[in-house]
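Colleague: Structure file start-v8.cif (mmCIF, C-alpha atoms and all ligand atoms) is given on the next line.
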data_work
#
loop_
_atom_site.label_atom_id
_atom_site.label_comp_id
_atom_site.auth_asym_id
_atom_site.auth_seq_id
_atom_site.Cartn_x
_atom_site.Cartn_y
_atom_site.Cartn_z
CA MET A 1 25.10 -33.00 5.04
CA THR A 2 22.82 -30.05 5.63
CA GLN A 3 24.04 -26.54 6.01
CA ARG A 4 22.28 -23.43 7.23
CA VAL A 5 22.68 -20.40 4.95
CA GLN A 6 21.83 -17.03 6.40
CA VAL A 7 19.73 -14.83 4.10
CA ILE A 8 18.03 -11.88 5.89
CA GLU A 9 16.50 -10.41 2.77
CA ASN A 10 13.15 -8.68 2.45
CA ILE A 11 10.78 -10.73 0.34
CA LEU A 12 9.54 -7.63 -1.43
CA SER A 13 13.01 -6.15 -1.76
CA ALA A 14 12.89 -6.31 -5.56
CA ASN A 15 9.74 -4.17 -5.52
CA ASP A 16 11.14 -1.80 -2.90
CA GLN A 17 14.31 -1.32 -4.94
CA VAL A 18 12.34 -0.30 -7.99
CA ALA A 19 10.13 1.95 -5.84
CA LEU A 20 13.30 3.76 -4.78
CA GLU A 21 14.34 4.15 -8.40
CA ASN A 22 10.91 5.57 -9.22
CA ARG A 23 11.24 8.05 -6.37
CA ARG A 24 14.62 9.17 -7.70
CA LEU A 25 13.21 9.66 -11.21
CA LEU A 26 10.35 11.74 -9.79
CA GLU A 27 12.69 13.77 -7.60
CA ALA A 28 15.07 14.46 -10.46
CA ALA A 29 12.22 15.96 -12.48
CA ASN A 30 10.67 17.65 -9.43
CA VAL A 31 7.38 15.80 -9.76
CA TYR A 32 5.18 15.36 -6.68
CA ALA A 33 3.38 12.01 -6.82
CA LEU A 34 0.33 10.64 -5.01
CA ASN A 35 -0.94 7.07 -4.82
CA PHE A 36 -4.77 6.92 -4.72
CA MET A 37 -6.07 3.77 -3.10
CA ALA A 38 -9.66 2.71 -2.42
CA SER A 39 -12.15 -0.08 -2.78
CA PRO A 40 -13.78 -0.52 -6.21
CA GLY A 41 -16.18 2.30 -6.96
CA ALA A 42 -15.28 4.54 -4.00
CA GLY A 43 -14.67 7.44 -6.37
CA LYS A 44 -10.97 7.48 -7.24
CA THR A 45 -11.57 8.46 -10.86
CA SER A 46 -14.32 10.91 -9.88
CA LEU A 47 -11.95 12.64 -7.46
CA ILE A 48 -9.29 12.81 -10.17
CA GLU A 49 -11.82 14.41 -12.52
CA GLN A 50 -12.92 16.94 -9.90
CA THR A 51 -9.32 17.72 -8.98
CA LEU A 52 -8.34 18.28 -12.61
CA LYS A 53 -11.31 20.54 -13.13
CA ARG A 54 -10.10 22.77 -10.30
CA ILE A 55 -6.33 22.91 -10.74
CA SER A 56 -5.36 21.82 -14.22
CA SER A 57 -5.04 25.50 -15.18
CA GLU A 58 -2.26 26.05 -12.59
CA LEU A 59 -0.46 22.69 -12.59
CA HIS A 60 0.64 20.20 -15.18
CA ILE A 61 -0.93 16.96 -14.11
CA ALA A 62 -0.38 13.41 -15.27
CA VAL A 63 -2.50 10.44 -14.26
CA VAL A 64 -1.42 6.81 -14.29
CA ASP A 65 -4.39 4.50 -14.12
CA GLY A 66 -4.12 0.94 -12.93
CA ASP A 67 -6.92 -1.24 -14.11
CA ILE A 68 -7.25 -4.97 -14.45
CA ALA A 69 -8.39 -4.86 -18.08
CA THR A 70 -9.96 -1.68 -19.46
CA SER A 71 -8.91 1.88 -20.28
CA ILE A 72 -12.17 3.46 -19.10
CA ASP A 73 -10.56 5.37 -16.23
CA ALA A 74 -7.58 6.61 -18.24
CA ASP A 75 -9.99 7.81 -20.91
CA ARG A 76 -11.97 9.70 -18.26
CA ALA A 77 -8.79 11.31 -16.90
CA ALA A 78 -7.69 12.27 -20.41
CA ALA A 79 -11.11 13.75 -21.15
CA ALA A 80 -10.77 15.82 -17.97
CA GLY A 81 -7.52 17.29 -19.27
CA ALA A 82 -4.72 15.15 -17.86
CA LEU A 83 -1.92 13.41 -19.61
CA ALA A 84 -3.14 9.89 -18.94
CA ILE A 85 -1.36 6.56 -19.09
CA GLN A 86 -3.11 3.27 -18.67
CA ILE A 87 -1.54 0.26 -17.01
CA ASN A 88 -3.39 -2.99 -17.45
CA THR A 89 -2.34 -5.21 -14.61
CA GLY A 90 -3.42 -8.37 -16.39
CA GLY A 91 -5.43 -9.64 -13.46
CA GLU A 92 -3.15 -8.45 -10.67
CA CYS A 93 -4.99 -6.94 -7.74
CA HIS A 94 -2.54 -4.08 -7.16
CA LEU A 95 0.02 -1.92 -8.93
CA ASP A 96 3.64 -2.61 -8.18
CA ALA A 97 6.73 -0.49 -8.61
CA ILE A 98 7.75 -2.18 -11.85
CA MET A 99 4.40 -1.38 -13.49
CA LEU A 100 4.72 2.25 -12.40
CA LYS A 101 8.26 2.39 -13.69
CA SER A 102 7.21 1.39 -17.18
CA ALA A 103 4.42 3.96 -17.10
CA LEU A 104 6.91 6.66 -16.02
CA SER A 105 9.08 5.85 -18.99
CA GLU A 106 6.21 6.85 -21.26
CA LEU A 107 5.89 10.29 -19.68
CA ASP A 108 7.97 13.41 -20.14
CA LEU A 109 8.42 13.96 -16.41
CA GLN A 110 10.14 17.32 -16.85
CA GLY A 111 6.87 18.90 -17.91
CA ILE A 112 4.85 17.56 -14.98
CA ASP A 113 4.19 19.06 -11.54
CA LEU A 114 1.80 16.53 -10.09
CA LEU A 115 1.41 12.84 -10.82
CA ILE A 116 -1.64 10.97 -9.55
CA VAL A 117 -1.54 7.18 -9.62
CA GLU A 118 -4.91 5.47 -9.44
CA ASN A 119 -4.30 2.07 -7.93
CA VAL A 120 -6.49 -0.97 -8.55
CA GLY A 121 -9.69 -0.90 -6.46
CA ASN A 122 -8.77 -3.08 -3.47
CA LEU A 123 -8.35 -2.39 0.26
CA VAL A 124 -5.78 -5.08 0.95
CA CYS A 125 -3.03 -5.71 -1.56
CA PRO A 126 -2.02 -2.20 -2.73
CA ALA A 127 -0.97 -1.39 0.84
CA SER A 128 1.87 -3.93 0.66
CA PHE A 129 3.48 -2.64 -2.52
CA GLN A 130 5.37 0.63 -2.38
CA LEU A 131 5.41 2.48 -5.67
CA GLY A 132 7.82 5.29 -4.98
CA THR A 133 5.14 7.97 -4.79
CA HIS A 134 5.58 10.64 -2.12
CA GLN A 135 2.33 10.12 -0.28
CA SER A 136 -0.71 7.90 -0.41
CA VAL A 137 -4.34 8.92 -0.16
CA LEU A 138 -7.16 6.59 0.78
CA ILE A 139 -10.58 7.36 -0.66
CA ALA A 140 -13.30 5.90 1.52
CA SER A 141 -16.95 6.34 0.64
CA ILE A 142 -20.17 6.41 2.61
CA PRO A 143 -21.91 3.41 0.96
CA GLU A 144 -19.00 1.13 1.93
CA GLY A 145 -20.08 1.34 5.55
CA ASP A 146 -18.61 2.75 8.74
CA ASP A 147 -16.78 -0.43 9.76
CA LYS A 148 -14.09 -0.39 7.08
CA PRO A 149 -11.23 0.95 9.25
CA TYR A 150 -11.82 -1.96 11.62
CA LYS A 151 -11.89 -4.50 8.80
CA TYR A 152 -8.95 -3.18 6.76
CA PRO A 153 -6.55 -1.83 9.40
CA GLY A 154 -3.47 -2.32 7.20
CA MET A 155 -4.78 0.09 4.60
CA TYR A 156 -5.94 2.73 7.08
CA ARG A 157 -2.70 2.56 9.01
CA GLY A 158 -0.43 3.18 6.05
CA VAL A 159 -1.92 6.26 4.36
CA ASP A 160 -1.04 9.96 4.64
CA ALA A 161 -4.46 11.45 3.94
CA LEU A 162 -8.04 10.25 3.94
CA VAL A 163 -10.87 11.42 1.72
CA ILE A 164 -14.40 10.42 2.72
CA ASN A 165 -16.38 10.61 -0.50
CA LYS A 166 -20.11 10.58 -1.29
CA THR A 167 -21.16 12.60 1.77
CA ASP A 168 -24.25 13.57 -0.27
CA LEU A 169 -25.49 10.03 0.47
CA LEU A 170 -25.34 10.39 4.27
CA PRO A 171 -29.10 11.08 4.59
CA TYR A 172 -29.90 7.79 2.86
CA ILE A 173 -27.41 5.41 4.40
CA THR A 174 -26.80 4.20 7.93
CA PHE A 175 -23.29 5.41 8.54
CA ASP A 176 -22.10 6.34 12.02
CA MET A 177 -19.45 8.97 11.33
CA ASP A 178 -18.22 8.98 14.96
CA TYR A 179 -17.72 5.22 14.93
CA PHE A 180 -15.88 5.46 11.60
CA ARG A 181 -13.65 8.28 12.80
CA ARG A 182 -12.86 6.52 16.08
CA GLY A 183 -11.58 3.57 14.07
CA VAL A 184 -9.44 5.86 11.92
CA GLU A 185 -8.07 7.72 14.93
CA MET A 186 -7.08 4.47 16.61
CA LEU A 187 -5.18 3.23 13.58
CA ASN A 188 -3.75 6.45 12.22
CA PRO A 189 -3.87 9.18 14.85
CA GLY A 190 -4.16 12.72 13.55
CA LEU A 191 -4.69 11.61 9.95
CA VAL A 192 -5.70 14.56 7.78
CA THR A 193 -9.24 13.90 6.57
CA PHE A 194 -11.46 15.46 3.90
CA PRO A 195 -15.19 14.68 3.83
CA ILE A 196 -16.26 15.47 0.27
CA SER A 197 -18.86 14.83 -2.37
CA CYS A 198 -17.72 14.55 -5.95
CA LYS A 199 -21.35 14.92 -6.91
CA THR A 200 -22.17 18.23 -5.17
CA GLY A 201 -18.61 19.53 -4.87
CA GLU A 202 -18.96 19.90 -1.10
CA GLY A 203 -15.63 19.82 0.75
CA LEU A 204 -13.50 19.83 -2.38
CA ASP A 205 -12.05 23.27 -1.64
CA SER A 206 -10.19 22.04 1.46
CA TRP A 207 -8.90 19.03 -0.44
CA ILE A 208 -7.60 21.26 -3.23
CA ALA A 209 -6.03 23.66 -0.72
CA TRP A 210 -4.19 20.76 0.94
CA LEU A 211 -3.04 19.45 -2.43
CA ARG A 212 -1.72 22.86 -3.47
CA ILE A 213 0.33 23.05 -0.28
CA GLN A 214 1.76 19.56 -0.83
CA VAL A 215 2.81 20.34 -4.39
CA SER A 216 4.30 23.74 -3.63
CA SER A 217 6.14 22.70 -0.46
CA HIS A 218 7.58 19.80 -2.42
CA SER A 219 8.81 21.91 -5.30
CA ILE A 220 10.47 24.46 -2.97
CA LYS A 221 12.82 21.92 -1.44
CA MET B 1 -4.48 -11.86 -3.70
CA HIS B 2 -0.82 -11.26 -4.36
CA GLU B 3 0.62 -14.38 -2.75
CA LEU B 4 1.71 -15.74 -6.14
CA PRO B 5 4.26 -12.98 -6.94
CA VAL B 6 5.30 -13.09 -3.30
CA THR B 7 5.94 -16.83 -3.52
CA GLU B 8 7.88 -16.34 -6.75
CA SER B 9 10.01 -13.81 -4.97
CA ILE B 10 10.64 -16.29 -2.14
CA LEU B 11 11.76 -18.91 -4.64
CA GLU B 12 14.01 -16.44 -6.46
CA ILE B 13 15.76 -15.42 -3.24
CA ALA B 14 16.18 -19.01 -2.02
CA LEU B 15 17.59 -20.21 -5.35
CA ARG B 16 20.01 -17.30 -5.47
CA TYR B 17 21.43 -18.01 -2.01
CA ALA B 18 21.51 -21.76 -2.62
CA GLY B 19 23.39 -21.12 -5.88
CA ASP B 20 25.95 -18.96 -4.06
CA ALA B 21 26.44 -21.78 -1.53
CA GLN B 22 26.76 -24.29 -4.40
CA ALA B 23 24.03 -26.41 -2.85
CA ASN B 24 22.36 -29.33 -4.59
CA ARG B 25 19.09 -29.12 -2.75
CA ILE B 26 17.11 -26.76 -0.54
CA THR B 27 15.38 -28.59 2.29
CA ASP B 28 13.99 -25.83 4.52
CA LEU B 29 13.14 -22.14 4.31
CA TYR B 30 12.74 -19.93 7.36
CA LEU B 31 10.46 -16.95 6.83
CA VAL B 32 9.63 -14.18 9.26
CA ILE B 33 6.26 -12.49 8.96
CA GLY B 34 5.08 -9.63 11.16
CA GLN B 35 1.52 -9.68 12.41
CA LEU B 36 0.78 -6.51 10.44
CA ALA B 37 1.97 -7.89 7.11
CA THR B 38 -1.02 -8.94 5.04
CA ILE B 39 0.34 -12.33 4.08
CA VAL B 40 -1.47 -15.65 4.34
CA ASP B 41 0.83 -18.59 5.13
CA ASP B 42 -1.57 -21.13 3.66
CA SER B 43 -1.68 -19.47 0.25
CA ILE B 44 2.09 -19.23 0.13
CA GLN B 45 2.32 -22.92 0.92
CA PHE B 46 -0.22 -23.64 -1.81
CA TYR B 47 1.68 -21.73 -4.50
CA TRP B 48 5.01 -22.98 -3.21
CA ASP B 49 4.09 -26.61 -3.86
CA ILE B 50 3.37 -25.67 -7.47
CA ILE B 51 6.17 -23.27 -8.36
CA ALA B 52 9.02 -25.04 -6.56
CA ARG B 53 8.40 -28.18 -8.62
CA ASP B 54 11.32 -29.12 -10.88
CA THR B 55 13.71 -26.82 -9.04
CA ILE B 56 16.27 -27.73 -6.37
CA ALA B 57 13.75 -26.41 -3.85
CA GLU B 58 11.09 -28.97 -4.72
CA GLY B 59 9.63 -30.45 -1.55
CA ALA B 60 11.38 -27.95 0.73
CA ARG B 61 9.54 -27.21 3.97
CA LEU B 62 8.40 -23.66 4.68
CA HIS B 63 8.67 -22.49 8.28
CA PHE B 64 6.83 -19.33 9.25
CA LYS B 65 7.72 -17.32 12.30
CA ARG B 66 5.09 -14.75 13.24
CA ILE B 67 6.28 -11.61 15.00
CA PRO B 68 3.73 -9.95 17.27
CA THR B 69 3.15 -6.25 16.88
CA GLN B 70 5.17 -4.08 19.24
CA VAL B 71 4.78 -0.32 19.44
CA LYS B 72 6.52 2.46 21.33
CA CYS B 73 4.80 5.51 22.74
CA GLN B 74 6.57 8.67 21.58
CA ASP B 75 5.37 10.61 24.61
CA CYS B 76 6.12 8.34 27.60
CA GLN B 77 8.50 5.93 25.79
CA LEU B 78 6.51 2.89 26.95
CA GLU B 79 6.92 -0.17 24.71
CA TYR B 80 3.94 -2.48 24.57
CA LYS B 81 2.05 -5.05 22.54
CA PRO B 82 -1.15 -3.33 21.45
CA ALA B 83 -4.53 -5.01 21.29
CA GLU B 84 -5.50 -6.01 17.77
CA LEU B 85 -6.79 -2.62 16.72
CA GLU B 86 -6.32 -0.26 19.64
CA PHE B 87 -2.87 1.26 19.32
CA THR B 88 -3.32 4.05 21.89
CA CYS B 89 -0.79 4.03 24.75
CA PRO B 90 -2.32 2.24 27.76
CA GLU B 91 -0.23 4.38 30.15
CA CYS B 92 -0.63 7.97 28.98
CA LYS B 93 -3.35 7.50 26.30
CA SER B 94 -1.14 9.12 23.70
CA PHE B 95 -1.87 8.55 20.02
CA ARG B 96 1.70 9.21 19.00
CA VAL B 97 2.98 5.69 18.71
CA GLN B 98 5.60 4.18 16.49
CA ILE B 99 5.54 0.62 15.23
CA VAL B 100 8.78 -1.09 16.28
CA ALA B 101 7.85 -4.64 15.23
CA GLY B 102 5.11 -6.30 13.22
CA ASN B 103 5.82 -5.08 9.70
CA GLU B 104 8.56 -7.65 9.00
CA PHE B 105 8.43 -9.84 5.95
CA TYR B 106 11.77 -11.41 5.19
CA MET B 107 13.66 -14.64 4.67
CA ASP B 108 15.85 -15.37 7.63
CA SER B 109 17.74 -18.38 6.32
CA ILE B 110 17.57 -21.56 4.30
CA GLU B 111 18.85 -25.06 4.92
CA VAL B 112 20.61 -26.70 2.01
CA GLU B 113 22.55 -29.84 1.25
N1 LIG C 1 -23.70 10.00 -5.06
C1 LIG C 1 -22.40 10.05 -5.36
N2 LIG C 1 -21.90 9.22 -6.29
C2 LIG C 1 -20.58 9.32 -6.57
C3 LIG C 1 -19.73 10.23 -5.92
N3 LIG C 1 -18.47 10.08 -6.39
C4 LIG C 1 -18.54 9.09 -7.31
N4 LIG C 1 -19.80 8.62 -7.43
C5 LIG C 1 -20.26 7.54 -8.31
O1 LIG C 1 -19.67 6.33 -7.88
C6 LIG C 1 -19.40 5.47 -9.00
C7 LIG C 1 -17.94 5.03 -9.01
O2 LIG C 1 -17.10 6.18 -9.17
P1 LIG C 1 -15.64 6.07 -9.77
O3 LIG C 1 -15.03 7.41 -9.68
O4 LIG C 1 -15.67 5.40 -11.10
O5 LIG C 1 -14.96 5.11 -8.71
P2 LIG C 1 -13.52 4.40 -8.75
O6 LIG C 1 -13.05 4.31 -7.34
O7 LIG C 1 -12.63 5.09 -9.71
O8 LIG C 1 -13.91 2.95 -9.30
P3 LIG C 1 -12.92 1.79 -9.87
O9 LIG C 1 -11.79 2.46 -10.58
O10 LIG C 1 -13.80 1.02 -10.76
O11 LIG C 1 -12.48 1.02 -8.67
C8 LIG C 1 -19.80 6.28 -10.23
O12 LIG C 1 -21.08 5.87 -10.63
C9 LIG C 1 -19.80 7.71 -9.74
O13 LIG C 1 -20.68 8.53 -10.45
C10 LIG C 1 -20.31 11.11 -4.94
O14 LIG C 1 -19.67 11.95 -4.31
N5 LIG C 1 -21.65 10.97 -4.71
MG MG C 2 -11.53 4.31 -11.28
ZN ZN C 3 2.51 6.78 26.51
#
Could you quickly redo this structure as structure tokens?
Modeller:
Amino acid sequence: MTQRVQVIENILSANDQVALENRRLLEAANVYALNFMASPGAGKTSLIEQTLKRISSELHIAVVDGDIATSIDADRAAAAGALAIQINTGGECHLDAIMLKSALSELDLQGIDLLIVENVGNLVCPASFQLGTHQSVLIASIPEGDDKPYKYPGMYRGVDALVINKTDLLPYITFDMDYFRRGVEMLNPGLVTFPISCKTGEGLDSWIAWLRIQVSSHSIK
Amino acid sequence: MHELPVTESILEIALRYAGDAQANRITDLYLVIGQLATIVDDSIQFYWDIIARDTIAEGARLHFKRIPTQVKCQDCQLEYKPAELEFTCPECKSFRVQIVAGNEFYMDSIEVE
């Protein structure tokens, strides 16, 4: 005899639960956390380096680096002055809340103002796994092409800020900025956007100003 | 792709509910997937056939129900099904829209015996 059993449970509920726990841990220590997502090579680590260079004198910053196998990025973040923790995902294409949780347990959160999580380079999977960070930032880059919002709508729809890196390459690459921005506007209207170059430093001031406001408005409440 | 951990999670949930119902076998699983969820049914089926083996869910059929995206305009309150990418309100052209359906990814029920 067959019987129907009602379930109604989110498939990713285990991850979401842990993401909530992470958020509570961060809140309790008054840490503001960002999730950096991008395709491979867009400039996540470069932006972390540039950011550290500009504000590590005013804020205590920790970086958690997700990487399939190496510690290259965590080493770069550490060299730039951050407290850096490496997570090797062992082949997984994204970080999940459980991986972040174990990284958090290695950090003294009380001493940290800003936590930056560098997700695995991938425009699909990281969007589905909440980590418990406060906001997520997508780093796009000029050489990827202007059609990426149209091809990866899930990623563009879910983020709170967009950085467009490698603007120094605009003269050499066919990239229709209006077409790109129309795609972004359609998917994520009013998204705050920072065109920057980690190479020349162009545009980084506005990014840093925004970041300062996020951290300070978080620590007030 | 992350369909393997997702499929493991599906198995874990199904076994837990079947255990609570003291079932001997799971025959069917009913899953609801919103159009916006980046989940591929075929890969889940592929992993399912492997990981359900030697459990009481071996051979169970997976049923996928796709939920179309539905959004609501925050300015004129219109509810509509947007075109694949264009979310802008067709009535008042507002950008301020809220997703009311399409992000679902849950198990609705299972059939056991
Ligand atoms: N021309 C130019 N090159 C840049 C810029 N930012 C980063 N790069 C280069 O792009 C390459 C990748 O940069 P990373 O910062 O390692 O990128 P990532 O997103 O961290 O890469 P993964 O972690 O491997 O996914 C490096 O060779 C950087 O030097 C930029 O603004 N302009
Ligand atoms: Mg990197
Ligand atoms: Zn409207």
Colleague: Residues of chain A within 8 Å of chain B, using only C-alpha atoms, as number ranges by chain?
Modeller: A: 1-12, 92-94, 124-125, 128, 150, 153-154, 186-187, 189
Colleague: Please produce a file of the residues just selected, as a compact mmCIF listing (two decimals), in the coordinates of the input, where the atoms kept are C-alpha atoms.
Modeller:
# COMPACT_ATOMS: atom_id res chain seq x y z
CA MET A 1 25.10 -33.00 5.04
CA THR A 2 22.82 -30.05 5.63
CA GLN A 3 24.04 -26.54 6.01
CA ARG A 4 22.28 -23.43 7.23
CA VAL A 5 22.68 -20.40 4.95
CA GLN A 6 21.83 -17.03 6.40
CA VAL A 7 19.73 -14.83 4.10
CA ILE A 8 18.03 -11.88 5.89
CA GLU A 9 16.50 -10.41 2.77
CA ASN A 10 13.15 -8.68 2.45
CA ILE A 11 10.78 -10.73 0.34
CA LEU A 12 9.54 -7.63 -1.43
CA GLU A 92 -3.15 -8.45 -10.67
CA CYS A 93 -4.99 -6.94 -7.74
CA HIS A 94 -2.54 -4.08 -7.16
CA VAL A 124 -5.78 -5.08 0.95
CA CYS A 125 -3.03 -5.71 -1.56
CA SER A 128 1.87 -3.93 0.66
CA TYR A 150 -11.82 -1.96 11.62
CA PRO A 153 -6.55 -1.83 9.40
CA GLY A 154 -3.47 -2.32 7.20
CA MET A 186 -7.08 4.47 16.61
CA LEU A 187 -5.18 3.23 13.58
CA PRO A 189 -3.87 9.18 14.85
Colleague: Give me, as CSV, the closest atom pair and its distance (Å, one decimal) for every residue of chain B within a cut-off of 8 Å of ligand ZN 3 (chain C), counting only C-alpha atoms and all ligand atoms, rows sorted by chain and rising number.
Modeller:
residue,atom,partner,partner_atom,distance
B:Lys72,CA,C:ZN3,ZN,7.8
B:Cys73,CA,C:ZN3,ZN,4.6
B:Gln74,CA,C:ZN3,ZN,6.7
B:Asp75,CA,C:ZN3,ZN,5.1
B:Cys76,CA,C:ZN3,ZN,4.1
B:Gln77,CA,C:ZN3,ZN,6.1
B:Leu78,CA,C:ZN3,ZN,5.6
B:Thr88,CA,C:ZN3,ZN,7.9
B:Cys89,CA,C:ZN3,ZN,4.6
B:Pro90,CA,C:ZN3,ZN,6.7
B:Glu91,CA,C:ZN3,ZN,5.1
B:Cys92,CA,C:ZN3,ZN,4.2
B:Lys93,CA,C:ZN3,ZN,5.9
B:Ser94,CA,C:ZN3,ZN,5.2
B:Arg96,CA,C:ZN3,ZN,7.9
B:Val97,CA,C:ZN3,ZN,7.9
Colleague: Residues within 8 Å of ligand LIG 1 (chain C) should be enumerated using all atoms listed in the file and returned as a PDB file with C-alpha atoms, keeping the file's coordinate frame.
Modeller:
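Written file, out31.pdb:
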ATOM      1  CA  ALA A  38      -9.660   2.710  -2.420  1.00  0.00           C
ATOM      2  CA  SER A  39     -12.150  -0.080  -2.780  1.00  0.00           C
ATOM      3  CA  PRO A  40     -13.780  -0.520  -6.210  1.00  0.00           C
ATOM      4  CA  GLY A  41     -16.180   2.300  -6.960  1.00  0.00           C
ATOM      5  CA  ALA A  42     -15.280   4.540  -4.000  1.00  0.00           C
ATOM      6  CA  GLY A  43     -14.670   7.440  -6.370  1.00  0.00           C
ATOM      7  CA  LYS A  44     -10.970   7.480  -7.240  1.00  0.00           C
ATOM      8  CA  THR A  45     -11.570   8.460 -10.860  1.00  0.00           C
ATOM      9  CA  SER A  46     -14.320  10.910  -9.880  1.00  0.00           C
ATOM     10  CA  LEU A  47     -11.950  12.640  -7.460  1.00  0.00           C
ATOM     11  CA  ILE A  48      -9.290  12.810 -10.170  1.00  0.00           C
ATOM     12  CA  ASP A  67      -6.920  -1.240 -14.110  1.00  0.00           C
ATOM     13  CA  ASP A  73     -10.560   5.370 -16.230  1.00  0.00           C
ATOM     14  CA  GLU A 118      -4.910   5.470  -9.440  1.00  0.00           C
ATOM     15  CA  ASN A 119      -4.300   2.070  -7.930  1.00  0.00           C
ATOM     16  CA  VAL A 120      -6.490  -0.970  -8.550  1.00  0.00           C
ATOM     17  CA  GLY A 121      -9.690  -0.900  -6.460  1.00  0.00           C
ATOM     18  CA  ASN A 122      -8.770  -3.080  -3.470  1.00  0.00           C
ATOM     19  CA  ILE A 139     -10.580   7.360  -0.660  1.00  0.00           C
ATOM     20  CA  SER A 141     -16.950   6.340   0.640  1.00  0.00           C
ATOM     21  CA  ASN A 165     -16.380  10.610  -0.500  1.00  0.00           C
ATOM     22  CA  LYS A 166     -20.110  10.580  -1.290  1.00  0.00           C
ATOM     23  CA  THR A 167     -21.160  12.600   1.770  1.00  0.00           C
ATOM     24  CA  ASP A 168     -24.250  13.570  -0.270  1.00  0.00           C
ATOM     25  CA  LEU A 169     -25.490  10.030   0.470  1.00  0.00           C
ATOM     26  CA  ILE A 196     -16.260  15.470   0.270  1.00  0.00           C
ATOM     27  CA  SER A 197     -18.860  14.830  -2.370  1.00  0.00           C
ATOM     28  CA  CYS A 198     -17.720  14.550  -5.950  1.00  0.00           C
ATOM     29  CA  LYS A 199     -21.350  14.920  -6.910  1.00  0.00           C
ATOM     30  CA  THR A 200     -22.170  18.230  -5.170  1.00  0.00           C
ATOM     31  CA  GLY A 201     -18.610  19.530  -4.870  1.00  0.00           C
TER      32      GLY A 201
END
Colleague: Take CA of Val40 (chain B) and CA of Leu131 (chain A) and report the distance between them in Å, one decimal.
Modeller: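 Computed distance, CA of Val40 (chain B) to CA of Leu131 (chain A), equals 21.8 Å.
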Colleague: Go ahead and compute the interatomic distance for CA of Ala77 (chain A) and CA of Leu138 (chain A), in Å to one decimal.
Modeller: 18.4 Å
Colleague: Env of Gln45 (chain B): 9 Å cut, atoms = all atoms listed in the file, seq-sep filter 4 positions within chain, self excluded. Answer as a PDB file with C-alpha atoms, keeping the file's coordinate frame.
Modeller:
ATOM      1  CA  THR B   7       5.940 -16.830  -3.520  1.00  0.00           C
ATOM      2  CA  VAL B  40      -1.470 -15.650   4.340  1.00  0.00           C
ATOM      3  CA  ASP B  41       0.830 -18.590   5.130  1.00  0.00           C
ATOM      4  CA  ASP B  49       4.090 -26.610  -3.860  1.00  0.00           C
ATOM      5  CA  ILE B  50       3.370 -25.670  -7.470  1.00  0.00           C
ATOM      6  CA  ARG B  61       9.540 -27.210   3.970  1.00  0.00           C
ATOM      7  CA  LEU B  62       8.400 -23.660   4.680  1.00  0.00           C
TER       8      LEU B  62
END
Colleague: Please determine, counting all atoms listed in the file, which residue among A:Leu104, A:Leu211, A:Ala140, A:Ala33 has the shortest atom-to-atom distance to Val184 (chain A).
Modeller: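 Of A:Leu104, A:Leu211, A:Ala140, A:Ala33, the one nearest Val184 (chain A), counting all atoms listed in the file, is A:Ala140.
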Colleague: Smallest atom-to-atom distance to Arg182 (chain A): which of A:Ala19, A:Gly203, A:Ser71, A:Pro149, using all atoms listed in the file?
Modeller: A:Pro149
Colleague: Could you add whatever atoms are missing so that region 89-96 of chain A carries N, CA, C and O atoms, then write the result as a PDB file, in the frame of the given file?
Modeller:
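The resulting file, selection.pdb, is shown below:
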ATOM      1  N   THR A  89      -3.109  -4.358 -15.495  1.00  0.00           N
ATOM      2  CA  THR A  89      -2.340  -5.210 -14.610  1.00  0.00           C
ATOM      3  C   THR A  89      -2.468  -6.680 -14.974  1.00  0.00           C
ATOM      4  O   THR A  89      -1.840  -7.528 -14.350  1.00  0.00           O
ATOM      5  N   GLY A  90      -3.289  -6.980 -15.970  1.00  0.00           N
ATOM      6  CA  GLY A  90      -3.420  -8.370 -16.390  1.00  0.00           C
ATOM      7  C   GLY A  90      -3.898  -9.273 -15.265  1.00  0.00           C
ATOM      8  O   GLY A  90      -3.387 -10.367 -15.078  1.00  0.00           O
ATOM      9  N   GLY A  91      -4.868  -8.796 -14.502  1.00  0.00           N
ATOM     10  CA  GLY A  91      -5.430  -9.640 -13.460  1.00  0.00           C
ATOM     11  C   GLY A  91      -4.868  -9.381 -12.078  1.00  0.00           C
ATOM     12  O   GLY A  91      -5.471  -9.768 -11.079  1.00  0.00           O
ATOM     13  N   GLU A  92      -3.710  -8.720 -11.994  1.00  0.00           N
ATOM     14  CA  GLU A  92      -3.150  -8.450 -10.670  1.00  0.00           C
ATOM     15  C   GLU A  92      -4.056  -7.490  -9.902  1.00  0.00           C
ATOM     16  O   GLU A  92      -4.652  -6.573 -10.473  1.00  0.00           O
ATOM     17  N   CYS A  93      -4.069  -7.673  -8.592  1.00  0.00           N
ATOM     18  CA  CYS A  93      -4.990  -6.940  -7.740  1.00  0.00           C
ATOM     19  C   CYS A  93      -4.389  -5.644  -7.204  1.00  0.00           C
ATOM     20  O   CYS A  93      -4.959  -4.985  -6.359  1.00  0.00           O
ATOM     21  N   HIS A  94      -3.198  -5.281  -7.672  1.00  0.00           N
ATOM     22  CA  HIS A  94      -2.540  -4.080  -7.160  1.00  0.00           C
ATOM     23  C   HIS A  94      -1.539  -3.611  -8.218  1.00  0.00           C
ATOM     24  O   HIS A  94      -1.150  -4.390  -9.083  1.00  0.00           O
ATOM     25  N   LEU A  95      -1.112  -2.368  -8.105  1.00  0.00           N
ATOM     26  CA  LEU A  95       0.020  -1.920  -8.930  1.00  0.00           C
ATOM     27  C   LEU A  95       1.291  -2.225  -8.159  1.00  0.00           C
ATOM     28  O   LEU A  95       1.302  -2.186  -6.932  1.00  0.00           O
ATOM     29  N   ASP A  96       2.370  -2.508  -8.868  1.00  0.00           N
ATOM     30  CA  ASP A  96       3.640  -2.610  -8.180  1.00  0.00           C
ATOM     31  C   ASP A  96       4.621  -1.616  -8.806  1.00  0.00           C
ATOM     32  O   ASP A  96       4.304  -0.954  -9.797  1.00  0.00           O
TER      33      ASP A  96
END
